[in-house]
Amino acid sequence: MGKQKQQVISRFFAPKPKPSSPPPPPPPPPPSSTSPNISATVTFSPLKRRRTSHLNSPSNPNLPEPPQNPTLHQKFLNKLLQPCDDDDQVFTSSTNVLSNPKYTPLEQQVVQLKNKYQDVLLMIEVGYKFRFFGQDAENAARVLGIYAHMDHNFLTASVPTFRLNVYVRRLVSAGYKVGVVKQTETASIKAHGSNKLGPFCRGLSALYTKATLEAAEDVGGGEDGCVSCNSYLVCVVDNEVVGVEGTDVKIGIVGVEISTGDVVFGEFDDNLLRTGLEAKILTLCPAELLLGDPLSKLTEKFLVAYAGPASNVRMERASRDRYKDGGALAEVLSAYEKIGDSDTLQGEFVELNGKTKNQLAVMGMPDLVVQALALTINHLKQFGLERILCLGDSFRPFSNNVEMILSANAMQQLEVLKNNTDGSESGSLFECMNQTLTTCGSRLLRHWVSHPLRDRNMINARLDAVSAILESMNSPNAYGGLGSDGKDTNITCTVKFHQLFTSVLTNLGRLPDIQRGITRIFHRTATASEFIAVIQAIIVSGKQLQQLRVEEEAYHSSLLKRLTLTASSSSIISTATKLLSALNKEAAEQRDLSNLFVVSEGQFEEVSYYELSLNVASLVLNCVMRSDAFSPKI
């Protein structure tokens with residue numbers, strides 16, 4: 001057996017037979033004493049194609065005769081030697097490919113959505129994934145670190161649906177305006193509808209930017225957000241005025257912190273260096289800039305330089321040509337009336353000629369501020385967050401008689417909010433002073449540092465309040481004293497107050513951001529579980545502060561006493577408790593909206609009515625389905 005195997009293997013290594021010797025090459029033709037008859041010379045260079053002159057040479061009897069049809073031969077030469085532009089050919093071919101592509105039904109939807117939202121990075125829901133297409137896929141792959149590949153006609157990438165919150169925040173943090181496109185019909189509805197053979201119907205469900213992320217639905221409200229404690233949207237408009245000393249500029253500005261409801265506005269004259277505008281921008285540290293075109297060249301140059309690649313500030317433009325004849329005020333008042341039809345402004349006091357207090361306040365604003373406010377309202381309509389600009393109590397001017405306005409040079413040289421090395425908060429004055437326990441306290445301290453007080457009495461009152469808190473936490477015997485008999489009369493009370501105060505501040509530091517939570521409830525973007533968490537935080541903080549009211553004699557600050565009494569008001573706690581008792585916490589955690597409300601007599605009667613109607617409709621539908629199932633088929 002082994003020998004046969006050896007013989008089989010040996011056949012592969014047997015010497016190959018030598019190939020037969022190839023035939024000798026034919027002898028070369030004898031050199032001709034005369035040159036051939038060349039009728040034309042052709043160059044194939046893409047940059048130089050031209051027909052050369054015919055070269056005449058002596059006739060050679062050994063060469064073939066010229067073609068019998070000279071006209072056909074001339075047409076061939078003209079076609080061959082016709083000059084062509086390679087760039088035109090490439091453009092034409094690419095145009096034909098783009099104008100007549102073989103798109104799939106999904107890709108046709110993508111093209112329509114992209115044409116409608118050209119400046120938005122779209123995340124399109126396809127099954128259990130969100131997909132990116134084209135340039136969006138390339139940008140998402142670079143930011144998110146995912147793989148992009150060609151699929152039919154587009155470069156594509158995808159992420160799972162349950163990670164939407166994470167990926168949207170990363171893309172927004174990179175400076176993109178992100179749009180989420182979701183399926184508007186389910187598989188069962190599609191199977192029984194008119195769109196049975198087509199793709200799922202899809203539509204834009206949400207838009208996210210850096211200034212609107214924390215107030216937005218589905219992905220907002222995170223404690224570890226991609227933005228800082230302040231995310232202002234600042235709208236800037238200006239108007240050049242020719243004066244005696246030259247051309248001056250008047251600037252109007254509106255800044256909105258959408259997640260907290262803070263709105264600042266102002267109109268001021270500025271110089272060629274735009275130092276006033278620079279001071280306002282450095283104080284607010286906006287996450288987004290909205291430029292009201294047309295702008296003066298110097299204003300636009302400064303804003304574009306501020307929103308450069310290193311700053312990671314998003315910039316968008318909006319035209320204000322329609323406001324040349326004073327249409328901005330009418331547009332703002334119309335927006336206020338539309339929002340007033342809802343429950344936002346119900347019960348507000350009407351003062352004069354049917355105008356509300358907020359409308360009268362807007363009518364008293366400068367013209368450029370009203371234009372900036374109108375542009376901001378129109379910008380926020382695409383996000384559904386314009387209602388925040390209709391709360392007049394949240395408006396405050398840039399300049400007042402209580403606080404100082406630091407110049408841009410002082411903000412930069414003193415490194416008040418950011419350092420001069422990399423533009424971050426590391427090493428700045430605010431970062432060194434920020435020892436707050438809550439996010440609300442951090443925002444308040446940021447405002448205090450950038451807007452120092454001017455009134456001596458207010459400075460002393462704030463200093464006494466901060467000193468009282470600091471001494472109560474660090475020194476249990478700070479307020480202890482000796483009586484006439486040499487004994488410590490207040491030591492027991494002081495130690496008790498110190499322990500109580502420390503416990504209250506520690507518990508407050510563990511609560512969620514109440515200010516942003518209340519604003520999300522106002523925007524109607526908070527979930528049921530977020531609503532319950534905010535109401536519980538209000539109740540807990542109120543009850544904690546109520547314990548300090550028992551020890552009022554331990555206070556050495558009138559400002560601290562007043563703030564404690566306001567935050568621990570019994571009316572606030574009772575209202576919050578009533579709201580919490582009407583909701584089912586377990587149903588909110590499970591997102592069971594049908595059992596969310598605790599229906600009782602005189603409360604949520606509409607819910608019980610529609611629940612009964614739903615049950616009746618379900619019974620009728622079941623009866624119809626059973627009758628169809630047992631009916632004879634003809």
# chains A, B, ... in the order shown; residues from 1 in each chain; ligands from 1
>>> select_by_dssp(residues="region 93-306 of chain A", states="strand (DSSP E)", output="ChimeraX atom specification")
/A:121-126,129-133,149-151,154-160,178-183,202-208,232-242,247-257,262-270,288-293
>>> select_by_dssp(residues="region 118-171 of chain A", states="alpha helix (DSSP H)", output="CSV table (one decimal) with N, CA and C atoms, in the first residue's frame")
chain,number,residue,atom,x,y,z
A,135,GLN,N,-23.0,62.3,3.1
A,135,GLN,CA,-22.1,63.1,3.9
A,135,GLN,C,-22.4,63.0,5.4
A,136,ASP,N,-23.6,62.8,5.8
A,136,ASP,CA,-24.0,62.6,7.2
A,136,ASP,C,-23.3,61.3,7.7
A,137,ALA,N,-23.3,60.3,6.9
A,137,ALA,CA,-22.6,59.0,7.4
A,137,ALA,C,-21.1,59.3,7.6
A,138,GLU,N,-20.5,60.0,6.7
A,138,GLU,CA,-19.1,60.3,6.9
A,138,GLU,C,-18.8,61.1,8.1
A,139,ASN,N,-19.6,62.2,8.4
A,139,ASN,CA,-19.5,63.0,9.6
A,139,ASN,C,-19.7,62.2,10.8
A,140,ALA,N,-20.8,61.3,10.8
A,140,ALA,CA,-21.1,60.5,12.0
A,140,ALA,C,-20.0,59.5,12.3
A,141,ALA,N,-19.5,58.9,11.2
A,141,ALA,CA,-18.4,57.9,11.4
A,141,ALA,C,-17.2,58.5,12.1
A,142,ARG,N,-16.9,59.8,11.7
A,142,ARG,CA,-15.7,60.5,12.2
A,142,ARG,C,-15.9,60.8,13.7
A,143,VAL,N,-17.1,61.3,14.0
A,143,VAL,CA,-17.4,61.8,15.4
A,143,VAL,C,-17.6,60.6,16.3
A,144,LEU,N,-18.4,59.6,15.9
A,144,LEU,CA,-18.9,58.5,16.8
A,144,LEU,C,-17.9,57.4,16.8
A,164,LEU,N,-29.8,56.0,21.3
A,164,LEU,CA,-30.1,57.3,20.6
A,164,LEU,C,-29.6,58.5,21.5
A,165,ASN,N,-29.9,58.4,22.8
A,165,ASN,CA,-29.6,59.5,23.7
A,165,ASN,C,-28.1,59.8,23.7
A,166,VAL,N,-27.3,58.7,23.7
A,166,VAL,CA,-25.8,58.9,23.8
A,166,VAL,C,-25.3,59.5,22.5
A,167,TYR,N,-25.7,58.9,21.3
A,167,TYR,CA,-25.1,59.4,20.1
A,167,TYR,C,-25.6,60.8,19.7
A,168,VAL,N,-26.8,61.1,20.0
A,168,VAL,CA,-27.3,62.5,19.7
A,168,VAL,C,-26.5,63.5,20.5
A,169,ARG,N,-26.2,63.2,21.8
A,169,ARG,CA,-25.4,64.1,22.6
A,169,ARG,C,-24.0,64.3,22.1
A,170,ARG,N,-23.4,63.2,21.6
A,170,ARG,CA,-22.0,63.3,21.0
A,170,ARG,C,-22.0,64.1,19.7
A,171,LEU,N,-23.0,63.9,18.9
A,171,LEU,CA,-23.1,64.7,17.6
A,171,LEU,C,-23.3,66.2,17.9
>>> residues_around(residues="Met433 (chain A)", least_positions_apart="6", cutoff="10 Å", atoms="only C-alpha atoms", output="number ranges by chain")
A: 442, 445-446, 449
>>> residues_around(residues="Leu273 (chain A)", least_positions_apart="2", cutoff="10 Å", atoms="only C-alpha atoms", output="compact mmCIF listing (two decimals) with C-alpha atoms, in the first residue's frame")
# COMPACT_ATOMS: atom_id res chain seq x y z
CA ASP A 270 -20.47 100.38 20.01
CA ASN A 271 -17.17 101.46 18.49
CA THR A 275 -15.64 96.15 22.64
CA GLY A 276 -19.18 96.40 23.99
CA LEU A 277 -20.37 93.40 21.96
CA GLU A 278 -17.28 91.45 22.96
CA LEU A 298 -16.93 94.43 11.56
CA THR A 299 -19.72 92.88 13.62
CA PHE A 302 -15.97 89.47 15.21
>>> closest_residue(among="A:Ser574, A:Gln112, A:Gln371, A:Thr209", to="Gly252 (chain A)", atoms="only C-alpha atoms")
A:Gln371
>>> residues_around(residues="Leu417 (chain A)", least_positions_apart="4", cutoff="8 Å", atoms="only C-alpha atoms", output="PDB file with C-alpha atoms, in the first residue's frame")
ATOM      1  CA  THR A 283     -20.089  87.242  29.763  1.00  0.00           C
ATOM      2  CA  MET A 411     -12.856  89.378  31.581  1.00  0.00           C
ATOM      3  CA  GLU A 425     -12.732  76.818  32.787  1.00  0.00           C
ATOM      4  CA  SER A 428     -10.154  80.382  35.900  1.00  0.00           C
ATOM      5  CA  LEU A 429     -11.461  82.488  38.760  1.00  0.00           C
ATOM      6  CA  PHE A 430     -14.852  80.818  38.559  1.00  0.00           C
ATOM      7  CA  GLU A 431     -13.326  77.332  38.684  1.00  0.00           C
ATOM      8  CA  ARG A 446     -21.222  82.102  37.681  1.00  0.00           C
ATOM      9  CA  SER A 450     -19.330  87.898  36.051  1.00  0.00           C
TER      10      SER A 450
END
>>> atom_distance(atom1="CA of Ala307 (chain A)", atom2="CA of Val249 (chain A)")
21.0 Å
>>> atom_distance(atom1="CA of Leu282 (chain A)", atom2="CA of Glu217 (chain A)")
29.2 Å
>>> residues_around(residues="Leu444 (chain A)", least_positions_apart="3", cutoff="12 Å", atoms="only C-alpha atoms", output="compact mmCIF listing (two decimals) with N, CA and C atoms, in the first residue's frame")
# COMPACT_ATOMS: atom_id res chain seq x y z
N CYS A 229 -22.94 74.40 32.24
CA CYS A 229 -24.09 74.80 33.04
C CYS A 229 -24.87 75.92 32.38
N ASN A 230 -24.26 76.66 31.45
CA ASN A 230 -24.95 77.69 30.68
C ASN A 230 -24.86 77.35 29.20
N THR A 260 -33.30 76.96 31.31
CA THR A 260 -33.65 77.56 32.60
C THR A 260 -34.66 78.69 32.47
N ASP A 262 -33.98 81.82 31.43
CA ASP A 262 -33.38 83.13 31.61
C ASP A 262 -33.26 83.83 30.26
N PHE A 430 -13.62 81.54 38.24
CA PHE A 430 -14.85 80.82 38.56
C PHE A 430 -14.57 79.38 38.98
N ASN A 434 -15.62 77.91 42.65
CA ASN A 434 -16.81 77.07 42.57
C ASN A 434 -16.69 75.87 43.50
N GLN A 435 -17.24 75.99 44.69
CA GLN A 435 -17.33 74.89 45.67
C GLN A 435 -18.79 74.58 45.98
N THR A 436 -19.68 74.87 45.02
CA THR A 436 -21.11 74.68 45.25
C THR A 436 -21.46 73.19 45.23
N LEU A 437 -22.60 72.89 45.83
CA LEU A 437 -23.06 71.50 45.92
C LEU A 437 -24.11 71.15 44.87
N THR A 438 -24.75 72.14 44.29
CA THR A 438 -25.80 71.88 43.32
C THR A 438 -25.49 72.58 42.00
N THR A 439 -26.15 72.12 40.93
CA THR A 439 -25.99 72.75 39.62
C THR A 439 -26.61 74.14 39.61
N CYS A 440 -27.71 74.32 40.31
CA CYS A 440 -28.33 75.64 40.41
C CYS A 440 -27.37 76.63 41.08
N GLY A 441 -26.71 76.16 42.14
CA GLY A 441 -25.75 77.03 42.82
C GLY A 441 -24.57 77.39 41.94
N HIS A 447 -23.02 83.72 37.63
CA HIS A 447 -23.59 85.05 37.41
C HIS A 447 -23.01 86.05 38.40
N TRP A 448 -22.81 85.66 39.65
CA TRP A 448 -22.24 86.57 40.64
C TRP A 448 -20.82 86.98 40.26
N VAL A 449 -20.04 86.04 39.79
CA VAL A 449 -18.64 86.34 39.46
C VAL A 449 -18.55 87.28 38.25
N SER A 450 -19.38 87.07 37.25
CA SER A 450 -19.33 87.90 36.05
C SER A 450 -20.13 89.19 36.17
N HIS A 451 -20.96 89.33 37.21
CA HIS A 451 -21.75 90.54 37.43
C HIS A 451 -21.61 90.97 38.89
N PRO A 452 -20.50 91.58 39.26
CA PRO A 452 -20.31 92.00 40.67
C PRO A 452 -21.33 93.06 41.07
N GLN A 515 -34.33 73.68 38.86
CA GLN A 515 -34.61 74.78 37.95
C GLN A 515 -34.83 74.28 36.53
>>> closest_residue(among="A:Arg163, A:Lys301, A:Lys357, A:Arg520", to="Ala215 (chain A)", atoms="only C-alpha atoms")
A:Arg520
>>> closest_residue(among="A:Gly266, A:Gly261, A:Gly203, A:Pro294", to="Ala318 (chain A)", atoms="only C-alpha atoms")
A:Pro294
>>> atom_distance(atom1="CA of Gly364 (chain A)", atom2="CA of Ile281 (chain A)")
24.0 Å
